[in-house]
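Content type CSV, C-alpha atoms, from the file run30.csv:
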chain,number,residue,atom,x,y,z
A,903,MET,CA,55.5,76.4,-176.3
A,904,PRO,CA,55.5,79.5,-174.2
A,905,SER,CA,52.5,81.7,-174.5
A,906,SER,CA,52.8,85.1,-176.2
A,907,PRO,CA,53.2,88.0,-173.8
A,908,VAL,CA,50.0,90.0,-173.2
A,909,GLU,CA,50.1,93.6,-174.2
A,910,SER,CA,49.6,96.0,-171.3
A,911,PRO,CA,46.8,98.6,-171.6
A,912,ALA,CA,49.5,101.3,-171.8
A,913,SER,CA,51.0,99.7,-174.9
A,914,ILE,CA,47.7,99.6,-176.8
A,915,TRP,CA,45.9,102.8,-175.6
A,916,PRO,CA,46.3,105.7,-178.0
A,917,ALA,CA,48.8,108.3,-176.8
A,918,SER,CA,47.3,111.4,-178.2
A,919,ILE,CA,44.1,113.1,-177.2
A,920,ALA,CA,43.0,113.2,-180.8
A,921,ASP,CA,43.4,109.4,-181.1
A,922,ARG,CA,41.6,108.8,-177.8
A,923,LEU,CA,38.7,111.0,-178.9
A,924,ALA,CA,38.5,109.0,-182.1
A,925,LEU,CA,38.5,105.8,-180.2
A,926,ILE,CA,35.7,107.0,-177.8
A,927,ASP,CA,33.7,108.2,-180.8
A,928,GLY,CA,34.1,104.8,-182.4
A,929,ARG,CA,32.9,103.1,-179.3
A,930,ILE,CA,29.9,105.3,-179.0
A,931,ARG,CA,29.0,104.6,-182.6
A,932,ALA,CA,29.4,100.8,-182.1
A,933,ALA,CA,27.4,100.9,-178.8
A,934,ALA,CA,24.6,102.8,-180.5
A,935,GLU,CA,24.4,100.6,-183.5
A,936,ALA,CA,24.5,97.5,-181.4
A,937,CYS,CA,21.2,98.4,-179.8
A,938,GLY,CA,19.6,99.8,-183.0
A,939,ARG,CA,20.1,103.5,-182.3
A,940,ASP,CA,21.3,106.2,-184.6
A,941,PRO,CA,24.9,107.1,-183.3
A,942,ALA,CA,24.0,110.8,-184.0
A,943,SER,CA,21.5,110.5,-181.1
A,944,VAL,CA,24.3,110.3,-178.6
A,945,THR,CA,26.4,113.4,-177.8
A,946,LEU,CA,29.9,113.1,-176.3
A,947,THR,CA,30.5,115.6,-173.5
A,948,VAL,CA,34.2,115.9,-173.0
A,949,VAL,CA,34.8,116.5,-169.3
A,950,SER,CA,37.5,119.2,-169.3
A,951,LYS,CA,37.4,120.0,-165.5
A,952,THR,CA,40.9,120.3,-164.0
A,953,GLN,CA,42.6,120.0,-167.5
A,954,GLY,CA,45.2,122.4,-168.6
A,955,ARG,CA,45.0,124.7,-171.6
A,956,GLU,CA,47.2,122.4,-173.8
A,957,ALA,CA,44.9,119.4,-173.3
A,958,ILE,CA,41.8,121.4,-174.0
A,959,ASP,CA,43.3,123.0,-177.1
A,960,ALA,CA,44.2,119.5,-178.3
A,961,ALA,CA,40.6,118.3,-177.8
A,962,LEU,CA,39.3,121.4,-179.6
A,963,ALA,CA,41.7,120.8,-182.5
A,964,ALA,CA,40.5,117.2,-182.8
A,965,GLY,CA,36.9,118.4,-183.3
A,966,ALA,CA,35.4,118.2,-179.8
A,967,SER,CA,32.8,120.9,-179.3
A,968,VAL,CA,30.8,119.9,-176.2
A,969,PHE,CA,32.6,120.3,-172.8
A,970,GLY,CA,31.6,119.6,-169.2
A,971,GLU,CA,32.9,121.6,-166.3
A,972,ASN,CA,32.4,121.2,-162.5
A,973,ARG,CA,32.9,124.6,-161.1
A,974,VAL,CA,31.6,128.0,-162.3
A,975,GLN,CA,34.7,130.0,-161.3
A,976,GLU,CA,37.1,127.5,-162.9
A,977,ALA,CA,35.1,127.4,-166.1
A,978,GLN,CA,35.0,131.2,-166.2
A,979,THR,CA,38.8,131.3,-166.1
A,980,ARG,CA,39.1,128.5,-168.7
A,981,TRP,CA,36.4,129.4,-171.2
A,982,THR,CA,35.4,133.1,-171.2
A,983,GLU,CA,38.0,134.0,-173.8
A,984,GLU,CA,37.4,130.9,-175.9
A,985,ARG,CA,33.6,131.5,-175.9
A,986,ALA,CA,34.3,135.0,-177.2
A,987,ARG,CA,36.3,133.6,-180.1
A,988,SER,CA,34.0,130.8,-181.1
A,989,ALA,CA,30.3,130.3,-180.9
A,990,ASP,CA,30.7,126.6,-181.8
A,991,VAL,CA,31.5,125.4,-178.3
A,992,GLU,CA,28.7,124.1,-176.0
A,993,LEU,CA,29.5,124.4,-172.3
A,994,ARG,CA,27.7,122.2,-169.8
A,995,LEU,CA,27.8,122.5,-166.0
A,996,ILE,CA,28.0,119.0,-164.6
A,997,GLY,CA,29.1,119.8,-161.1
A,998,ALA,CA,27.1,121.1,-158.1
A,999,LEU,CA,25.9,124.7,-158.3
A,1000,GLN,CA,25.7,127.0,-155.4
A,1001,SER,CA,22.6,129.2,-155.5
A,1002,ASN,CA,24.8,132.3,-155.1
A,1003,LYS,CA,26.6,131.4,-158.3
A,1004,ALA,CA,23.4,131.0,-160.3
A,1005,ALA,CA,23.8,134.3,-162.2
A,1006,ASP,CA,27.4,133.5,-163.2
A,1007,ALA,CA,26.3,130.0,-164.4
A,1008,VAL,CA,23.4,131.4,-166.4
A,1009,ALA,CA,25.7,133.9,-168.1
A,1010,LEU,CA,28.3,131.3,-169.1
A,1011,PHE,CA,26.8,127.9,-169.6
A,1012,ASP,CA,24.6,126.6,-172.4
A,1013,VAL,CA,23.3,123.7,-170.2
A,1014,ILE,CA,23.1,123.3,-166.5
A,1015,GLU,CA,22.7,119.6,-165.6
A,1016,THR,CA,22.6,119.8,-161.8
A,1017,LEU,CA,19.3,121.5,-160.8
A,1018,ASP,CA,18.6,119.6,-157.6
A,1019,ARG,CA,16.7,121.7,-155.0
A,1020,ASP,CA,14.0,124.4,-154.6
A,1021,SER,CA,16.4,127.2,-153.6
A,1022,LEU,CA,18.5,126.6,-156.7
A,1023,ALA,CA,15.3,126.6,-158.9
A,1024,ARG,CA,14.4,130.0,-157.4
A,1025,ALA,CA,17.9,131.4,-157.9
A,1026,LEU,CA,18.0,130.2,-161.5
A,1027,ALA,CA,14.6,131.6,-162.3
A,1028,THR,CA,15.7,135.0,-161.0
A,1029,ALA,CA,19.0,134.9,-162.8
A,1030,ILE,CA,17.3,133.9,-166.1
A,1031,GLN,CA,14.8,136.7,-165.9
A,1032,LYS,CA,17.5,139.3,-165.2
A,1033,ALA,CA,19.9,138.0,-167.8
A,1034,GLY,CA,17.3,137.5,-170.6
A,1035,ARG,CA,19.2,134.3,-171.3
A,1036,SER,CA,18.0,130.8,-170.5
A,1037,PRO,CA,20.4,127.8,-170.4
A,1038,ARG,CA,18.8,124.4,-171.0
A,1039,LEU,CA,18.2,122.6,-167.7
A,1040,LEU,CA,18.5,119.0,-166.4
A,1041,VAL,CA,17.5,117.8,-163.0
A,1042,GLN,CA,20.1,115.7,-161.2
A,1043,VAL,CA,18.6,112.6,-159.7
A,1044,ASN,CA,20.2,110.7,-156.8
A,1045,THR,CA,19.1,107.3,-158.1
A,1046,GLY,CA,21.0,105.5,-155.3
A,1047,GLU,CA,19.6,107.8,-152.6
A,1048,GLU,CA,23.1,108.3,-151.3
A,1049,PRO,CA,23.2,110.7,-148.4
A,1050,GLN,CA,26.6,112.2,-149.4
A,1051,LYS,CA,25.5,112.9,-153.0
A,1052,ALA,CA,23.5,115.7,-154.5
A,1053,GLY,CA,20.3,115.1,-156.4
A,1054,ILE,CA,16.5,114.7,-156.1
A,1055,ILE,CA,15.6,111.3,-154.9
A,1056,PRO,CA,13.4,109.4,-157.3
A,1057,ARG,CA,10.2,109.5,-155.3
A,1058,ASP,CA,10.4,113.3,-155.1
A,1059,LEU,CA,11.1,113.9,-158.7
A,1060,ASP,CA,7.6,114.3,-160.1
A,1061,ALA,CA,6.7,117.0,-157.5
A,1062,PHE,CA,10.0,118.8,-158.0
A,1063,LEU,CA,9.6,118.9,-161.8
A,1064,ASN,CA,6.0,120.3,-161.4
A,1065,SER,CA,7.3,122.9,-159.0
A,1066,ALA,CA,10.2,123.9,-161.2
A,1067,ARG,CA,7.8,124.4,-164.1
A,1068,ASP,CA,4.7,125.8,-162.4
A,1069,ASP,CA,6.2,127.8,-159.5
A,1070,TYR,CA,9.4,129.1,-161.2
A,1071,GLY,CA,8.6,128.9,-164.9
A,1072,LEU,CA,11.7,126.8,-165.7
A,1073,SER,CA,11.8,124.6,-168.7
A,1074,VAL,CA,13.5,121.3,-167.9
A,1075,GLU,CA,14.6,119.1,-170.8
A,1076,GLY,CA,16.0,116.1,-169.1
A,1077,LEU,CA,17.7,114.2,-166.3
A,1078,MET,CA,21.2,113.5,-165.1
A,1079,ALA,CA,22.5,110.9,-162.7
A,1080,ILE,CA,25.8,109.4,-161.3
A,1081,PRO,CA,25.2,105.8,-160.2
A,1082,PRO,CA,26.7,104.5,-156.9
A,1083,VAL,CA,30.2,103.2,-157.5
A,1084,ASP,CA,29.5,99.9,-155.9
A,1085,GLU,CA,26.3,99.0,-157.7
A,1086,ALA,CA,25.5,97.9,-161.2
A,1087,ALA,CA,25.2,101.0,-163.3
A,1088,GLY,CA,22.6,99.6,-165.6
A,1089,LEU,CA,20.0,99.4,-162.9
A,1090,HIS,CA,20.3,103.1,-162.3
A,1091,PHE,CA,20.4,104.0,-166.0
A,1092,ALA,CA,17.2,102.0,-166.4
A,1093,LEU,CA,15.6,103.8,-163.5
A,1094,LEU,CA,16.6,107.2,-164.9
A,1095,ALA,CA,15.1,106.3,-168.3
A,1096,ARG,CA,11.8,105.3,-166.7
A,1097,LEU,CA,11.6,108.5,-164.7
A,1098,ALA,CA,12.3,110.6,-167.8
A,1099,GLU,CA,9.7,108.8,-169.9
A,1100,ARG,CA,7.1,109.2,-167.2
A,1101,ASN,CA,7.7,112.9,-167.2
A,1102,GLY,CA,7.9,113.4,-170.9
A,1103,LEU,CA,11.7,114.2,-170.9
A,1104,LYS,CA,13.9,113.4,-173.9
A,1105,VAL,CA,17.4,114.1,-172.6
A,1106,LEU,CA,19.4,111.6,-170.5
A,1107,SER,CA,22.9,112.6,-169.4
A,1108,MET,CA,24.3,109.4,-167.9
A,1109,GLY,CA,27.3,107.2,-168.4
A,1110,MET,CA,31.0,108.0,-167.9
A,1111,SER,CA,34.4,106.6,-168.9
A,1112,GLY,CA,33.8,103.2,-167.3
A,1113,ASP,CA,30.1,102.7,-168.2
A,1114,PHE,CA,29.1,104.9,-171.1
A,1115,GLU,CA,28.4,101.9,-173.4
A,1116,THR,CA,25.9,100.5,-170.9
A,1117,ALA,CA,24.3,103.9,-170.6
A,1118,ILE,CA,23.8,104.1,-174.4
A,1119,ARG,CA,22.1,100.8,-174.2
A,1120,PHE,CA,19.6,102.2,-171.7
A,1121,GLY,CA,18.9,105.4,-173.8
A,1122,ALA,CA,21.6,107.9,-172.9
A,1123,THR,CA,21.5,111.0,-175.1
A,1124,HIS,CA,24.7,112.5,-173.6
A,1125,VAL,CA,27.7,110.6,-172.1
A,1126,ARG,CA,30.3,112.4,-170.0
A,1127,VAL,CA,33.8,111.2,-170.6
A,1128,GLY,CA,37.0,112.6,-169.1
A,1129,SER,CA,39.7,110.2,-168.0
A,1130,ALA,CA,39.4,108.0,-171.0
A,1131,ILE,CA,40.3,111.0,-173.1
A,1132,PHE,CA,42.7,113.0,-171.0
A,1133,GLY,CA,44.1,110.2,-168.7
A,1134,GLU,CA,43.7,110.1,-164.9
A,1135,ARG,CA,43.5,113.4,-163.3
A,1136,LYS,CA,46.5,114.6,-161.3
A,1137,SER,CA,44.5,117.1,-159.3
A,1138,PRO,CA,44.4,116.7,-155.5
A,1139,GLU,CA,40.6,116.8,-155.5
A,1140,ALA,CA,38.7,113.6,-154.7
A,1141,PRO,CA,38.5,111.1,-157.5
A,1142,SER,CA,35.5,111.0,-159.7
A,1143,ARG,CA,34.0,108.5,-162.2
A,1144,VAL,CA,33.8,110.9,-165.1

Could you render the structure as structure tokens?
Amino acid sequence: MPSSPVESPASIWPASIADRLALIDGRIRAAAEACGRDPASVTLTVVSKTQGREAIDAALAAGASVFGENRVQEAQTRWTEERARSADVELRLIGALQSNKAADAVALFDVIETLDRDSLARALATAIQKAGRSPRLLVQVNTGEEPQKAGIIPRDLDAFLNSARDDYGLSVEGLMAIPPVDEAAGLHFALLARLAERNGLKVLSMGMSGDFETAIRFGATHVRVGSAIFGERKSPEAPSRV
């Protein structure tokens, strides 16, 4: 007897953004419950970078409220009017931040996840003092010590955190990491969790479309999901694992 045809992923993956969001929410809940965690302890950050207005509006209509952006200028264009209309949206900067954009980032974002060097700590401290507004801050850790990637290498993290706090008066609430694409993500998630615990930090932003369930198992409080919600990006910029 011939075997039944195997359904292709395209035939079973939800077509609408609302349905995809519901599926991701369900997977987050299942992953949290499987390791004895409260699903409410994991926040989904919808990675909206490069997405058009229609896609973002669909995510908003489906109940998404936390969004991640890569670039300050792009986020200003995309979110300034929306933020004026609604105070319910939380905006997180998940891409590299140039020091000369620190003031703009402080004015727009609720959370900056990519603090990664002394010059940026200094620029953020100055911008925060001038603006009278203080976004929550995460330090990006380069767990794989990849030369092409931003982030504090693990052995320098403790000293950097002390400097951010003592020298610049910054309050850091957690850590963020993007594991190397060719290594087991769980090893890097475990390392980030240990670094956070050692430094008394409660927030862990780790895990993306392909590995967020593993990240939850290792303690992620925020997972960053883009392509599993919006589909593969059609932008000419280099591919990313969000």

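Distance annotation: of A:Ala986, A:Leu1089, A:Ala957, A:Leu1010, the residue with the minimal separation from Arg973 in chain A is A:Leu1010; atom set is all atoms listed in the file.
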
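For the residues A:Ala1004, A:Leu1026, A:Val1125, A:Leu1077, ranking by smallest atom-to-atom distance to Glu1099 in chain A using only C-alpha atoms places A:Leu1077 first.
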
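Using only C-alpha atoms, the shortest contact distance between Arg1038 in chain A and any of A:Ala1122, A:Ala977, A:Leu1072, A:Ala1095 is found at A:Leu1072.
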
Given only C-alpha atoms, how would the per-residue table for range 1045-1111 of chain A near range 941-944 of chain A read, listing every residue at most 12 Å away with its closest atom pair and distance in Å to one decimal, sorted by chain and number, as a Markdown table?
| residue | atom | partner | partner_atom | distance |
| --- | --- | --- | --- | --- |
| A:Lys1104 | CA | A:Ser943 | CA | 10.9 |
| A:Val1105 | CA | A:Val944 | CA | 9.9 |
| A:Leu1106 | CA | A:Val944 | CA | 9.6 |
| A:Ser1107 | CA | A:Val944 | CA | 9.6 |
| A:Met1108 | CA | A:Val944 | CA | 10.7 |
| A:Gly1109 | CA | A:Val944 | CA | 11.1 |

Just write the chosen residues, C-alpha atoms, as a compact mmCIF listing (two decimals), in the frame of the given file.
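Wrote selection_37.txt, looks like this:
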# COMPACT_ATOMS: atom_id res chain seq x y z
CA LYS A 1104 13.90 113.40 -173.90
CA VAL A 1105 17.40 114.10 -172.60
CA LEU A 1106 19.40 111.60 -170.50
CA SER A 1107 22.90 112.60 -169.40
CA MET A 1108 24.30 109.40 -167.90
CA GLY A 1109 27.30 107.20 -168.40

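Using all atoms listed in the file, the nearest neighbour of Ala966 in chain A within the list A:Val991, A:Arg980, A:Glu1134, A:Gln1042 is A:Val991.
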
Requested in this report: Would you please work out which residue, of A:Met1110, A:Arg987, A:Leu995, A:Arg955, is nearest to Phe969 in chain A when using only C-alpha atoms?
Outcome: A:Leu995

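Nearest to Pro1081 in chain A of all the residues A:Ala1117, A:Ile930, A:Ala1066, A:Ile958 is A:Ala1117, based on only C-alpha atoms.
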
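With only C-alpha atoms taken into account, the protein and nucleic acid residues at most 10 Å from Ala917 in chain A (excluding it and anything under 5 positions from it in its own chain) are Ala912, Arg922, Ile1131, Phe1132 and Gly1133 of chain A.
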
Just write range 1101-1130 of chain A with N, CA, C and O atoms, as an mmCIF file, in the first residue's frame, taken from the block above.
data_model
loop_
_atom_site.group_PDB
_atom_site.id
_atom_site.type_symbol
_atom_site.label_atom_id
_atom_site.label_comp_id
_atom_site.auth_asym_id
_atom_site.auth_seq_id
_atom_site.Cartn_x
_atom_site.Cartn_y
_atom_site.Cartn_z
ATOM 1 N N ASN A 1101 25.649 37.873 38.655
ATOM 2 C CA ASN A 1101 25.605 39.326 38.801
ATOM 3 C C ASN A 1101 24.251 39.840 39.302
ATOM 4 O O ASN A 1101 23.993 41.041 39.260
ATOM 5 N N GLY A 1102 23.402 38.942 39.759
ATOM 6 C CA GLY A 1102 22.132 39.346 40.337
ATOM 7 C C GLY A 1102 21.154 39.943 39.342
ATOM 8 O O GLY A 1102 20.332 40.791 39.705
ATOM 9 N N LEU A 1103 21.208 39.490 38.093
ATOM 10 C CA LEU A 1103 20.345 40.023 37.043
ATOM 11 C C LEU A 1103 19.213 39.039 36.751
ATOM 12 O O LEU A 1103 19.431 37.833 36.664
ATOM 13 N N LYS A 1104 18.005 39.562 36.585
ATOM 14 C CA LYS A 1104 16.826 38.717 36.451
ATOM 15 C C LYS A 1104 16.322 38.564 35.015
ATOM 16 O O LYS A 1104 15.520 37.667 34.745
ATOM 17 N N VAL A 1105 16.745 39.435 34.119
ATOM 18 C CA VAL A 1105 16.190 39.445 32.763
ATOM 19 C C VAL A 1105 17.170 38.802 31.791
ATOM 20 O O VAL A 1105 18.348 39.163 31.741
ATOM 21 N N LEU A 1106 16.663 37.858 31.008
ATOM 22 C CA LEU A 1106 17.470 37.168 29.997
ATOM 23 C C LEU A 1106 16.748 37.231 28.657
ATOM 24 O O LEU A 1106 15.722 36.572 28.466
ATOM 25 N N SER A 1107 17.259 38.022 27.740
ATOM 26 C CA SER A 1107 16.713 38.085 26.387
ATOM 27 C C SER A 1107 17.540 37.157 25.507
ATOM 28 O O SER A 1107 18.668 37.470 25.124
ATOM 29 N N MET A 1108 16.967 36.004 25.201
ATOM 30 C CA MET A 1108 17.694 35.012 24.396
ATOM 31 C C MET A 1108 16.694 34.062 23.777
ATOM 32 O O MET A 1108 15.632 33.795 24.351
ATOM 33 N N GLY A 1109 17.038 33.589 22.601
ATOM 34 C CA GLY A 1109 16.152 32.705 21.869
ATOM 35 C C GLY A 1109 15.424 33.438 20.777
ATOM 36 O O GLY A 1109 14.867 34.515 20.996
ATOM 37 N N MET A 1110 15.454 32.842 19.568
ATOM 38 C CA MET A 1110 14.799 33.429 18.403
ATOM 39 C C MET A 1110 13.937 32.381 17.723
ATOM 40 O O MET A 1110 13.613 31.357 18.321
ATOM 41 N N SER A 1111 13.545 32.634 16.486
ATOM 42 C CA SER A 1111 12.555 31.772 15.843
ATOM 43 C C SER A 1111 12.923 30.301 15.878
ATOM 44 O O SER A 1111 12.061 29.448 16.073
ATOM 45 N N GLY A 1112 14.198 29.988 15.706
ATOM 46 C CA GLY A 1112 14.597 28.589 15.608
ATOM 47 C C GLY A 1112 14.948 27.917 16.910
ATOM 48 O O GLY A 1112 15.117 26.692 16.948
ATOM 49 N N ASP A 1113 15.068 28.695 17.996
ATOM 50 C CA ASP A 1113 15.560 28.081 19.238
ATOM 51 C C ASP A 1113 14.926 28.648 20.506
ATOM 52 O O ASP A 1113 15.453 28.454 21.596
ATOM 53 N N PHE A 1114 13.799 29.338 20.378
ATOM 54 C CA PHE A 1114 13.255 29.995 21.574
ATOM 55 C C PHE A 1114 12.775 28.998 22.626
ATOM 56 O O PHE A 1114 12.808 29.286 23.829
ATOM 57 N N GLU A 1115 12.334 27.817 22.213
ATOM 58 C CA GLU A 1115 11.893 26.832 23.196
ATOM 59 C C GLU A 1115 13.075 26.326 24.037
ATOM 60 O O GLU A 1115 12.948 26.132 25.249
ATOM 61 N N THR A 1116 14.226 26.164 23.401
ATOM 62 C CA THR A 1116 15.430 25.807 24.145
ATOM 63 C C THR A 1116 15.805 26.925 25.106
ATOM 64 O O THR A 1116 16.171 26.676 26.261
ATOM 65 N N ALA A 1117 15.707 28.173 24.645
ATOM 66 C CA ALA A 1117 16.036 29.312 25.504
ATOM 67 C C ALA A 1117 15.141 29.361 26.730
ATOM 68 O O ALA A 1117 15.597 29.656 27.839
ATOM 69 N N ILE A 1118 13.868 29.070 26.561
ATOM 70 C CA ILE A 1118 12.940 29.059 27.691
ATOM 71 C C ILE A 1118 13.364 28.012 28.713
ATOM 72 O O ILE A 1118 13.315 28.243 29.921
ATOM 73 N N ARG A 1119 13.809 26.866 28.232
ATOM 74 C CA ARG A 1119 14.261 25.815 29.140
ATOM 75 C C ARG A 1119 15.443 26.276 29.992
ATOM 76 O O ARG A 1119 15.611 25.848 31.140
ATOM 77 N N PHE A 1120 16.252 27.176 29.444
ATOM 78 C CA PHE A 1120 17.420 27.670 30.173
ATOM 79 C C PHE A 1120 17.151 28.994 30.893
ATOM 80 O O PHE A 1120 18.081 29.608 31.396
ATOM 81 N N GLY A 1121 15.894 29.432 30.929
ATOM 82 C CA GLY A 1121 15.562 30.572 31.762
ATOM 83 C C GLY A 1121 15.270 31.881 31.054
ATOM 84 O O GLY A 1121 15.187 32.924 31.716
ATOM 85 N N ALA A 1122 15.096 31.871 29.742
ATOM 86 C CA ALA A 1122 14.796 33.113 29.033
ATOM 87 C C ALA A 1122 13.553 33.778 29.608
ATOM 88 O O ALA A 1122 12.538 33.119 29.846
ATOM 89 N N THR A 1123 13.628 35.085 29.819
ATOM 90 C CA THR A 1123 12.451 35.846 30.212
ATOM 91 C C THR A 1123 11.848 36.576 29.017
ATOM 92 O O THR A 1123 10.689 36.973 29.049
ATOM 93 N N HIS A 1124 12.657 36.769 27.968
ATOM 94 C CA HIS A 1124 12.200 37.417 26.740
ATOM 95 C C HIS A 1124 12.758 36.642 25.554
ATOM 96 O O HIS A 1124 13.958 36.345 25.520
ATOM 97 N N VAL A 1125 11.887 36.300 24.608
ATOM 98 C CA VAL A 1125 12.326 35.643 23.380
ATOM 99 C C VAL A 1125 11.978 36.549 22.200
ATOM 100 O O VAL A 1125 10.947 37.214 22.203
ATOM 101 N N ARG A 1126 12.859 36.594 21.210
ATOM 102 C CA ARG A 1126 12.734 37.526 20.095
ATOM 103 C C ARG A 1126 12.393 36.737 18.831
ATOM 104 O O ARG A 1126 13.225 36.000 18.313
ATOM 105 N N VAL A 1127 11.168 36.901 18.346
ATOM 106 C CA VAL A 1127 10.693 36.082 17.234
ATOM 107 C C VAL A 1127 10.227 36.989 16.097
ATOM 108 O O VAL A 1127 9.376 37.857 16.303
ATOM 109 N N GLY A 1128 10.781 36.770 14.922
ATOM 110 C CA GLY A 1128 10.396 37.560 13.758
ATOM 111 C C GLY A 1128 9.916 36.724 12.598
ATOM 112 O O GLY A 1128 8.743 36.756 12.232
ATOM 113 N N SER A 1129 10.798 35.916 12.010
ATOM 114 C CA SER A 1129 10.451 35.196 10.785
ATOM 115 C C SER A 1129 9.334 34.181 11.006
ATOM 116 O O SER A 1129 8.539 33.926 10.102
ATOM 117 N N ALA A 1130 9.236 33.596 12.193
ATOM 118 C CA ALA A 1130 8.167 32.630 12.450
ATOM 119 C C ALA A 1130 6.799 33.301 12.529
ATOM 120 O O ALA A 1130 5.777 32.631 12.444
#
